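Data block for my_file.txt (compact mmCIF, C-alpha atoms and all ligand atoms):
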```txt
# COMPACT_ATOMS: atom_id res chain seq x y z
CA THR A 1 1.41 -33.40 28.00
CA PRO A 2 2.61 -30.88 25.40
CA ARG A 3 0.85 -27.53 25.37
CA LEU A 4 -0.66 -25.84 22.35
CA PHE A 5 -2.08 -22.42 21.59
CA SER A 6 -3.96 -21.17 18.54
CA GLY A 7 -6.57 -18.56 17.64
CA MET A 8 -8.67 -16.93 14.95
CA GLN A 9 -9.85 -13.40 14.45
CA PRO A 10 -13.55 -12.59 14.77
CA SER A 11 -13.15 -10.57 11.58
CA ALA A 12 -16.28 -11.91 9.85
CA ASP A 13 -19.65 -13.50 10.67
CA SER A 14 -18.42 -16.88 9.58
CA LEU A 15 -15.18 -18.81 9.36
CA HIS A 16 -14.29 -20.21 5.93
CA PHE A 17 -13.04 -23.42 4.37
CA GLY A 18 -9.40 -22.40 4.87
CA ASN A 19 -9.86 -21.71 8.58
CA TRP A 20 -11.61 -25.03 8.99
CA ALA A 21 -9.13 -27.10 6.96
CA GLY A 22 -5.96 -25.26 7.90
CA ALA A 23 -6.66 -24.86 11.59
CA LEU A 24 -9.93 -26.16 13.11
CA LEU A 25 -9.54 -29.77 11.93
CA GLN A 26 -6.15 -30.01 13.59
CA TRP A 27 -7.40 -28.22 16.70
CA LYS A 28 -10.10 -30.80 17.18
CA ASP A 29 -7.72 -33.76 16.97
CA MET A 30 -4.97 -32.18 19.04
CA GLN A 31 -7.13 -31.42 22.06
CA ASP A 32 -6.96 -35.12 22.95
CA THR A 33 -3.17 -35.24 22.99
CA HIS A 34 -2.36 -31.70 24.15
CA ASP A 35 -3.12 -29.25 26.86
CA ALA A 36 -4.93 -26.99 24.38
CA THR A 37 -5.80 -23.29 24.53
CA TYR A 38 -8.00 -21.78 21.81
CA CYS A 39 -8.58 -18.07 21.64
CA VAL A 40 -10.92 -15.74 19.75
CA VAL A 41 -8.43 -12.96 19.03
CA ASP A 42 -10.53 -9.80 19.08
CA LEU A 43 -7.54 -7.54 19.84
CA HIS A 44 -6.08 -8.69 16.53
CA ALA A 45 -9.34 -8.12 14.68
CA ILE A 46 -9.35 -4.37 15.43
CA THR A 47 -6.03 -3.86 13.64
CA VAL A 48 -8.29 -3.19 10.66
CA PRO A 49 -11.56 -1.25 11.13
CA GLN A 50 -14.46 -3.26 12.61
CA ASP A 51 -18.00 -2.12 13.25
CA PRO A 52 -18.40 -2.28 17.07
CA LYS A 53 -21.83 -3.97 17.10
CA ALA A 54 -20.76 -6.42 14.44
CA LEU A 55 -17.57 -7.22 16.36
CA THR A 56 -19.57 -8.29 19.42
CA HIS A 57 -21.68 -10.65 17.30
CA GLN A 58 -18.71 -11.94 15.35
CA THR A 59 -16.89 -12.77 18.57
CA ARG A 60 -19.74 -14.96 19.85
CA ARG A 61 -20.21 -16.49 16.42
CA THR A 62 -16.53 -17.39 16.13
CA ALA A 63 -16.57 -19.08 19.54
CA ALA A 64 -19.77 -20.94 18.60
CA GLN A 65 -18.12 -22.22 15.41
CA TYR A 66 -15.11 -23.50 17.37
CA ILE A 67 -17.44 -25.55 19.56
CA ALA A 68 -19.63 -26.66 16.65
CA ALA A 69 -16.53 -27.86 14.79
CA GLY A 70 -15.56 -30.03 17.73
CA ILE A 71 -13.68 -27.95 20.29
CA ASP A 72 -14.82 -29.11 23.71
CA PRO A 73 -14.80 -26.19 26.17
CA GLU A 74 -14.43 -28.60 29.08
CA LYS A 75 -11.40 -30.35 27.63
CA SER A 76 -9.74 -27.28 26.12
CA THR A 77 -9.43 -23.72 27.35
CA LEU A 78 -11.62 -21.57 25.08
CA PHE A 79 -11.67 -17.82 25.67
CA VAL A 80 -11.76 -14.30 24.22
CA GLN A 81 -8.42 -12.51 24.02
CA SER A 82 -9.56 -9.15 25.43
CA HIS A 83 -10.78 -10.94 28.58
CA VAL A 84 -7.17 -11.63 29.56
CA PRO A 85 -5.18 -8.40 30.04
CA ALA A 86 -1.80 -10.17 30.10
CA HIS A 87 -1.84 -10.39 26.27
CA THR A 88 -1.37 -6.66 25.78
CA GLN A 89 0.96 -6.45 28.77
CA LEU A 90 3.37 -9.07 27.44
CA ALA A 91 3.08 -7.61 23.94
CA TRP A 92 4.47 -4.34 25.26
CA VAL A 93 7.55 -6.01 26.68
CA LEU A 94 8.08 -7.94 23.43
CA ASN A 95 7.73 -4.67 21.45
CA THR A 96 10.81 -3.44 23.21
CA ILE A 97 12.96 -6.38 22.09
CA THR A 98 11.71 -6.45 18.48
CA ALA A 99 13.80 -4.62 15.90
CA PHE A 100 11.90 -2.20 13.68
CA GLY A 101 13.40 -3.76 10.56
CA GLU A 102 12.51 -7.24 11.78
CA ALA A 103 8.85 -6.25 12.19
CA GLY A 104 9.02 -4.57 8.80
CA ARG A 105 9.86 -7.85 7.10
CA MET A 106 6.52 -9.47 7.98
CA THR A 107 4.71 -10.19 4.73
CA GLN A 108 1.19 -10.22 6.24
CA PHE A 109 1.55 -6.50 6.97
CA LYS A 110 2.70 -5.90 3.43
CA ASP A 111 -0.31 -7.82 2.07
CA LYS A 112 -2.89 -6.32 4.39
CA SER A 113 -1.67 -2.74 4.08
CA GLN A 114 -1.60 -2.84 0.30
CA LYS A 115 -5.07 -1.39 -0.10
CA GLU A 116 -4.70 1.73 2.07
CA GLY A 117 -0.93 1.98 1.74
CA THR A 118 1.61 1.66 4.54
CA ASP A 119 1.21 5.34 5.48
CA HIS A 120 -2.42 4.81 6.43
CA ALA A 121 -2.40 1.27 7.79
CA SER A 122 -2.56 1.24 11.61
CA VAL A 123 0.50 0.78 13.81
CA GLY A 124 -1.55 -2.03 15.38
CA LEU A 125 -1.52 -3.86 12.05
CA PHE A 126 2.25 -3.38 11.96
CA THR A 127 2.80 -4.77 15.46
CA TYR A 128 0.20 -7.56 15.02
CA PRO A 129 2.84 -10.33 14.93
CA ILE A 130 4.29 -9.15 18.26
CA LEU A 131 0.88 -9.40 19.95
CA GLN A 132 0.55 -12.83 18.38
CA ALA A 133 3.91 -13.83 19.88
CA ALA A 134 2.61 -12.70 23.28
CA ASP A 135 -0.54 -14.83 22.83
CA ILE A 136 1.53 -17.94 22.20
CA LEU A 137 4.29 -17.36 24.77
CA LEU A 138 1.88 -16.65 27.65
CA TYR A 139 0.70 -20.26 27.55
CA ASP A 140 4.19 -21.82 27.28
CA ALA A 141 2.96 -23.40 24.05
CA ASP A 142 5.15 -26.13 22.56
CA VAL A 143 3.18 -26.22 19.34
CA VAL A 144 1.00 -23.83 17.32
CA PRO A 145 -1.29 -25.43 14.72
CA VAL A 146 -1.83 -22.86 11.92
CA GLY A 147 -2.08 -22.45 8.15
CA GLU A 148 0.94 -21.77 5.96
CA ASP A 149 0.29 -17.99 5.99
CA GLN A 150 1.28 -17.88 9.68
CA ARG A 151 4.65 -19.62 9.33
CA GLN A 152 6.63 -16.38 9.38
CA HIS A 153 4.84 -15.13 12.50
CA ILE A 154 5.61 -18.31 14.41
CA GLU A 155 9.25 -18.00 13.35
CA LEU A 156 9.26 -14.45 14.79
CA THR A 157 7.71 -15.79 18.00
CA ARG A 158 10.56 -18.30 18.31
CA ASP A 159 13.14 -15.60 17.69
CA LEU A 160 11.62 -13.30 20.31
CA ALA A 161 11.42 -16.05 22.93
CA GLY A 162 15.04 -17.01 22.25
CA ARG A 163 16.19 -13.40 22.42
CA PHE A 164 14.29 -12.75 25.64
CA ASN A 165 15.82 -15.84 27.26
CA GLN A 166 19.29 -14.84 26.17
CA ARG A 167 18.99 -11.36 27.60
CA PHE A 168 17.01 -12.05 30.76
CA GLY A 169 17.55 -15.72 31.54
CA ASP A 170 15.46 -18.77 30.71
CA THR A 171 11.84 -17.58 30.95
CA LEU A 172 9.87 -18.39 27.79
CA VAL A 173 9.19 -21.61 25.85
CA GLN A 174 10.11 -21.61 22.14
CA PRO A 175 7.12 -23.00 20.21
CA GLU A 176 6.99 -24.83 16.90
CA ALA A 177 4.49 -24.32 14.11
CA LYS A 178 2.42 -27.31 13.08
CA ILE A 179 1.36 -26.83 9.49
CA LEU A 180 -0.32 -29.64 7.57
CA LYS A 181 1.12 -29.68 4.09
CA GLU A 182 -2.02 -30.65 2.17
CA THR A 183 -4.36 -28.22 3.85
CA ALA A 184 -1.84 -25.51 4.57
CA LYS A 185 -3.29 -23.01 2.14
CA ILE A 186 -6.74 -22.90 0.60
CA TYR A 187 -7.22 -20.42 -2.24
CA ASP A 188 -10.04 -18.09 -3.21
CA LEU A 189 -12.36 -19.79 -5.73
CA GLN A 190 -12.45 -16.74 -7.96
CA HIS A 191 -8.79 -15.79 -7.53
CA PRO A 192 -6.92 -19.07 -7.13
CA GLY A 193 -3.67 -17.12 -6.81
CA SER A 194 -4.78 -15.55 -3.50
CA LYS A 195 -5.41 -17.08 -0.10
CA MET A 196 -9.05 -17.47 0.95
CA SER A 197 -9.44 -14.79 3.65
CA LYS A 198 -12.16 -13.61 6.01
CA SER A 199 -11.30 -10.04 5.20
CA GLY A 200 -10.92 -10.74 1.47
CA GLU A 201 -13.10 -8.93 -1.03
CA SER A 202 -14.39 -11.77 -3.10
CA PRO A 203 -18.02 -12.55 -2.25
CA GLN A 204 -18.18 -15.46 -4.71
CA GLY A 205 -14.70 -16.79 -3.96
CA ILE A 206 -15.02 -17.43 -0.21
CA VAL A 207 -16.59 -20.68 0.98
CA TRP A 208 -18.12 -19.78 4.35
CA LEU A 209 -18.71 -22.43 6.96
CA LEU A 210 -22.17 -20.93 7.58
CA ASP A 211 -23.25 -20.61 3.93
CA ASP A 212 -26.44 -22.49 3.09
CA GLU A 213 -26.41 -25.45 0.72
CA LYS A 214 -27.61 -23.47 -2.30
CA THR A 215 -24.97 -20.76 -1.88
CA LEU A 216 -22.16 -23.25 -1.32
CA THR A 217 -23.13 -25.22 -4.41
CA LYS A 218 -23.42 -22.11 -6.56
CA LYS A 219 -20.01 -20.77 -5.47
CA ILE A 220 -18.22 -24.06 -6.02
CA LYS A 221 -19.85 -24.54 -9.43
CA SER A 222 -18.66 -21.05 -10.48
CA ALA A 223 -15.07 -21.65 -9.35
CA VAL A 224 -12.42 -20.46 -11.80
CA THR A 225 -10.62 -23.38 -13.48
CA ASP A 226 -8.71 -23.47 -16.77
CA SER A 227 -9.28 -24.35 -20.41
CA GLU A 228 -7.59 -27.73 -20.33
CA PRO A 229 -10.02 -30.63 -19.88
CA GLU A 230 -7.99 -32.82 -17.52
CA VAL A 231 -8.57 -33.08 -13.73
CA ARG A 232 -5.01 -33.14 -12.47
CA PHE A 233 -3.24 -31.82 -9.34
CA ASP A 234 -0.72 -29.21 -10.50
CA PRO A 235 -0.83 -26.06 -8.32
CA GLU A 236 1.52 -24.14 -10.65
CA ALA A 237 -0.22 -24.77 -13.95
CA LYS A 238 -3.73 -25.49 -12.65
CA PRO A 239 -4.29 -23.55 -9.41
CA GLY A 240 -8.11 -23.55 -9.55
CA VAL A 241 -8.50 -27.26 -10.25
CA SER A 242 -5.80 -28.15 -7.72
CA ASN A 243 -7.59 -26.11 -5.06
CA LEU A 244 -10.84 -27.99 -5.79
CA LEU A 245 -8.97 -31.29 -5.55
CA THR A 246 -7.53 -30.23 -2.19
CA MET A 247 -11.02 -29.35 -0.95
CA PHE A 248 -12.33 -32.68 -2.18
CA SER A 249 -9.50 -34.59 -0.57
CA ILE A 250 -10.13 -32.97 2.81
CA THR A 251 -13.89 -33.43 2.79
CA SER A 252 -13.89 -36.94 1.30
CA GLY A 253 -10.97 -38.37 3.26
CA MET A 254 -9.19 -39.44 0.06
CA THR A 255 -5.56 -38.55 -0.56
CA ILE A 256 -4.84 -36.19 -3.46
CA ALA A 257 -3.59 -39.14 -5.53
CA GLN A 258 -6.77 -41.10 -4.80
CA ALA A 259 -8.88 -38.07 -5.70
CA GLU A 260 -7.00 -37.69 -9.00
CA ALA A 261 -7.62 -41.36 -9.78
CA HIS A 262 -11.27 -40.96 -8.74
CA PHE A 263 -11.75 -38.14 -11.28
CA ALA A 264 -9.69 -39.70 -14.10
CA GLY A 265 -11.71 -39.24 -17.28
CA SER A 266 -14.19 -36.86 -15.59
CA GLY A 267 -14.76 -33.26 -16.62
CA TYR A 268 -14.73 -30.12 -14.47
CA GLY A 269 -18.52 -30.17 -14.18
CA ASP A 270 -18.42 -33.52 -12.45
CA LEU A 271 -15.51 -32.45 -10.25
CA LYS A 272 -17.39 -29.36 -9.08
CA THR A 273 -20.61 -31.27 -8.41
CA GLN A 274 -18.80 -33.77 -6.21
CA VAL A 275 -16.76 -31.12 -4.38
CA ALA A 276 -19.99 -29.22 -3.66
CA GLU A 277 -21.68 -32.34 -2.31
CA ALA A 278 -18.73 -33.21 -0.10
CA VAL A 279 -18.43 -29.68 1.30
CA VAL A 280 -22.16 -29.40 1.97
CA ALA A 281 -22.09 -32.75 3.79
CA ALA A 282 -19.14 -31.64 5.94
CA PHE A 283 -20.49 -28.18 6.77
CA ALA A 284 -24.22 -28.83 7.31
CA PRO A 285 -23.90 -30.32 10.82
CA ILE A 286 -21.45 -27.58 11.90
CA LYS A 287 -23.82 -24.89 10.68
CA ALA A 288 -26.78 -26.47 12.49
CA ARG A 289 -24.84 -26.81 15.74
CA THR A 290 -23.56 -23.22 15.49
CA GLU A 291 -27.11 -21.92 15.16
CA GLU A 292 -28.20 -23.98 18.14
CA LEU A 293 -25.36 -22.56 20.28
CA LEU A 294 -26.11 -19.00 19.18
CA SER A 295 -29.72 -19.36 20.28
CA ASP A 296 -28.44 -19.34 23.89
CA PRO A 297 -25.90 -16.49 24.14
CA ALA A 298 -25.95 -16.54 27.95
CA GLU A 299 -24.70 -20.13 28.01
CA LEU A 300 -22.04 -19.30 25.43
CA ASP A 301 -20.90 -16.32 27.52
CA ARG A 302 -20.75 -18.58 30.59
CA LEU A 303 -18.46 -21.02 28.79
CA LEU A 304 -16.26 -18.13 27.65
CA ALA A 305 -16.04 -16.75 31.18
CA LEU A 306 -14.97 -20.16 32.44
CA GLY A 307 -12.28 -20.28 29.77
CA ALA A 308 -11.11 -16.75 30.54
CA SER A 309 -10.65 -17.54 34.22
CA ARG A 310 -8.54 -20.61 33.41
CA ALA A 311 -6.53 -18.69 30.82
CA ASN A 312 -5.99 -15.78 33.19
CA GLU A 313 -4.38 -18.01 35.77
CA VAL A 314 -1.76 -19.35 33.36
CA ALA A 315 -1.19 -16.02 31.61
CA THR A 316 -0.76 -14.02 34.81
CA ALA A 317 1.87 -16.45 36.08
CA THR A 318 3.89 -16.21 32.84
CA LEU A 319 3.63 -12.43 32.81
CA GLN A 320 4.90 -12.33 36.39
CA ARG A 321 7.95 -14.41 35.37
CA VAL A 322 8.61 -11.95 32.56
CA TYR A 323 8.18 -8.88 34.78
CA ASP A 324 10.56 -10.36 37.37
CA ALA A 325 13.12 -11.23 34.69
CA VAL A 326 12.99 -7.71 33.22
CA GLY A 327 13.54 -6.22 36.67
CA PHE A 328 10.25 -4.40 37.23
CA LEU A 329 9.86 -3.46 40.89
CA ALA A 330 7.13 -5.69 42.35
CA PRO A 331 4.19 -3.68 43.72
CA THR A 332 3.49 -4.25 47.39
P1 LIG B 1 -8.30 -12.27 8.03
O1 LIG B 1 -8.52 -12.04 6.56
O2 LIG B 1 -9.16 -11.40 8.89
O3 LIG B 1 -6.84 -12.24 8.40
P2 LIG B 1 -8.17 -15.13 7.87
O4 LIG B 1 -9.12 -15.83 6.97
O5 LIG B 1 -6.78 -14.95 7.38
O6 LIG B 1 -8.83 -13.74 8.30
P3 LIG B 1 -7.29 -15.64 10.56
O7 LIG B 1 -8.23 -15.41 11.69
O8 LIG B 1 -6.28 -14.58 10.26
O9 LIG B 1 -8.17 -15.91 9.25
O10 LIG B 1 -6.53 -17.02 10.74
C1 LIG B 1 -7.08 -18.09 11.50
C2 LIG B 1 -6.38 -19.38 11.14
O11 LIG B 1 -6.80 -19.84 9.85
C3 LIG B 1 -4.85 -19.31 11.06
O12 LIG B 1 -4.32 -20.48 11.62
C4 LIG B 1 -4.56 -19.25 9.59
O13 LIG B 1 -3.28 -19.77 9.28
C5 LIG B 1 -5.67 -20.13 9.04
N1 LIG B 1 -6.01 -19.76 7.66
C6 LIG B 1 -6.48 -18.56 7.25
N2 LIG B 1 -6.70 -18.57 5.93
C7 LIG B 1 -6.36 -19.81 5.49
C8 LIG B 1 -6.37 -20.45 4.21
N3 LIG B 1 -6.78 -19.80 3.13
N4 LIG B 1 -5.95 -21.74 4.12
C9 LIG B 1 -5.54 -22.40 5.23
N5 LIG B 1 -5.51 -21.87 6.47
C10 LIG B 1 -5.91 -20.59 6.60
MG MG B 2 -5.37 -13.81 8.53
```

If you convert what's in this file into structure tokens, what do you get?
Amino acid sequence: TPRLFSGMQPSADSLHFGNWAGALLQWKDMQDTHDATYCVVDLHAITVPQDPKALTHQTRRTAAQYIAAGIDPEKSTLFVQSHVPAHTQLAWVLNTITAFGEAGRMTQFKDKSQKEGTDHASVGLFTYPILQAADILLYDADVVPVGEDQRQHIELTRDLAGRFNQRFGDTLVQPEAKILKETAKIYDLQHPGSKMSKSGESPQGIVWLLDDEKTLTKKIKSAVTDSEPEVRFDPEAKPGVSNLLTMFSITSGMTIAQAEAHFAGSGYGDLKTQVAEAVVAAFAPIKARTEELLSDPAELDRLLALGASRANEVATATLQRVYDAVGFLAPT
């Protein structure tokens, strides 16, 4: 069976529509056909400031949302990144084979460091993609299901694995990104030119998985559209409406073309009402299940410990291969 690895940052209390559509939906399906490893990447989350108490909560909440959305911790390996030391250990080795200019071309760093400026952004934010490469390579992943925003990082991961193998002999597996075209990028409702992001600053533009029905409905009804009356999928000319159509297509199971036909002759008010209903229907059971799981943190921690011990076994073996290949003297 092919192996897969993917993860999300515990950088907020809730995941959002983009995380669910771009990643979680695929994760759920792929655990039946793959040897799947799903990680809550807390080491990544601290590349921008996090409140320590909040981070602890957010980590449990993220894991709970994975399970509530359909990840089965028996079938898949589900764990917290900082519980497996090999991630930072392999990242160090990969740091030494990454060119400074190569790391400097990563657009996520450019986007995320815009606010404070590159002089003040952390070096951790700069080397983020190298740690991500370590995450993936430790599990010999063949495939990495992610959203479009991660394409460049997976490409870097492939390059690093290839380079390592060339220099030190065949050691690491080169993974491929699996990006679903339709759901690859969900946009902020208020700023349909920007990606919906956990760490975004758009309280009304982010559709949280754990929002209540009233909040979800209000946000979707206030989504930015355009002044033309027609419901039509055209991401260039009509980014807001196209984003709503994408959300409708995912939650209703219709294709984009079917959704367009469904809304032919309808106005934006009707479109928004139906998107809101479809999103509420999709999210309500996930929210309820998440709350149930969070009411028993000891059980959640037990599941995460089980996952960490499985992950550790695989990760330690890969790291040992890497250490041997590099020529580190084995401790006796
Ligand atoms: P942050 O703002 O803290 O980076 P994020 O919302 O970008 O948070 P991540 O934890 O970085 O979320 O990414 C988790 C997964 O969700 C990745 O696979 C990523 O590609 C996917 N993803 C994130 N945002 C979107 C989006 N707007 N549309 C589709 N997929 C997304
Ligand atoms: Mg992100």

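In this structure, atom O8 of ligand LIG 1 (chain B) sits 10.9 Å away from CA of Asp42 in chain A.
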
Excluding range 196-212 of chain A and its own-chain neighbours fewer than 3 positions away, which residues fall within 6 Å of it when counting only C-alpha atoms? Please give them as a list of chain:residue names.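 Result of the neighbour search: A:Ala12, A:Ser14, A:Leu15, A:His16, A:Phe17, A:Ile186, A:Tyr187, A:Asp188, A:Leu189, A:Gln190, A:Thr215, A:Leu216, A:Lys219, A:Lys287.
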
Between CA of Ser122 in chain A and CA of Thr107 in chain A, what distance in Å does the model show, to one decimal?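 Atom-to-atom, CA of Ser122 in chain A and CA of Thr107 in chain A are spaced 15.2 Å apart.
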
Find the residues near ligand LIG 1 (chain B). Use a cut-off of 7 Å, count all atoms listed in the file, and write them as a PyMOL selection string. chain A and resi 6-11+16+18-19+21-23+45+145-150+183-187+195-200

Which residue out of A:Thr255, A:Thr77, A:Thr217, A:Thr246 has the minimum interatomic distance to Phe283 in chain A when only C-alpha atoms are used?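 Residue with the minimum atom-to-atom distance to Phe283 in chain A: A:Thr217.
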
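CA of Glu313 in chain A is found 9.9 Å from CA of Tyr139 in chain A.
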
Around (1.8, -31.5, 24.2) in the file's frame, which residues reach within 7 Å when counting all atoms listed in the file? Return as a list in words?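 Residues with an atom at most 7 Å from (1.8, -31.5, 24.2): Thr1, Pro2, Arg3, Leu4, Thr33, His34, Asp35 and Asp142 of chain A.
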
Residues near range 126-131 of chain A, cut-off 8 Å, only C-alpha atoms, skip fewer than 2 positions along chain, as a list in words: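 My reading of the contact set: His44, Thr47, His87, Thr88, Leu90, Ala91, Leu94, Asn95, Thr98, Ala103, Gly104, Met106, Phe109, Ala121, Ser122, Val123, Gly124, Ala133, Ala134, Asp135, His153, Leu156 and Thr157 of chain A.
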
Glu228 in chain A surroundings by all atoms listed in the file, 12 Å radius, close-in-sequence under 5 positions cut, as a ChimeraX atom specification: /A:237-238,240-241,267-268

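Close contacts of Arg310 in chain A, defined as residues with an atom at most 10 Å away when counting all atoms listed in the file, with chain neighbours fewer than 2 positions off set aside, comprise Thr37, Ser76, Thr77, Leu78, Phe79, Val84, Leu304, Ala305, Leu306, Gly307, Ala308, Asn312, Glu313, Val314 and Ala315 of chain A.
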
Find the axis-aligned box for range 252-262 of chain A, covering all its listed atoms and adding 4 Å on each side, and write its centre and edge lengths in Å to one decimal as AutoDock Vina command-line options.
```
--center_x -8.7 --center_y -38.8 --center_z -3.3 --size_x 18.3 --size_y 13.2 --size_z 21.0
```

Of A:Lys214, A:Gln152, A:Ala177, A:Val143, the one sitting nearest Gln108 in chain A when using all atoms listed in the file is A:Gln152

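Closest approach to Pro73 in chain A from the set A:Phe263, A:Glu299, A:Val322, A:Ser249 is made by A:Glu299, with distances taken over only C-alpha atoms.
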
For Ala257 in chain A, please output as a ChimeraX atom specification all residues within 12 Å (counting only C-alpha atoms; exclusion window: fewer than 2 positions along the same chain). /A:182,231-234,242,245-246,248-249,253-255,259-264
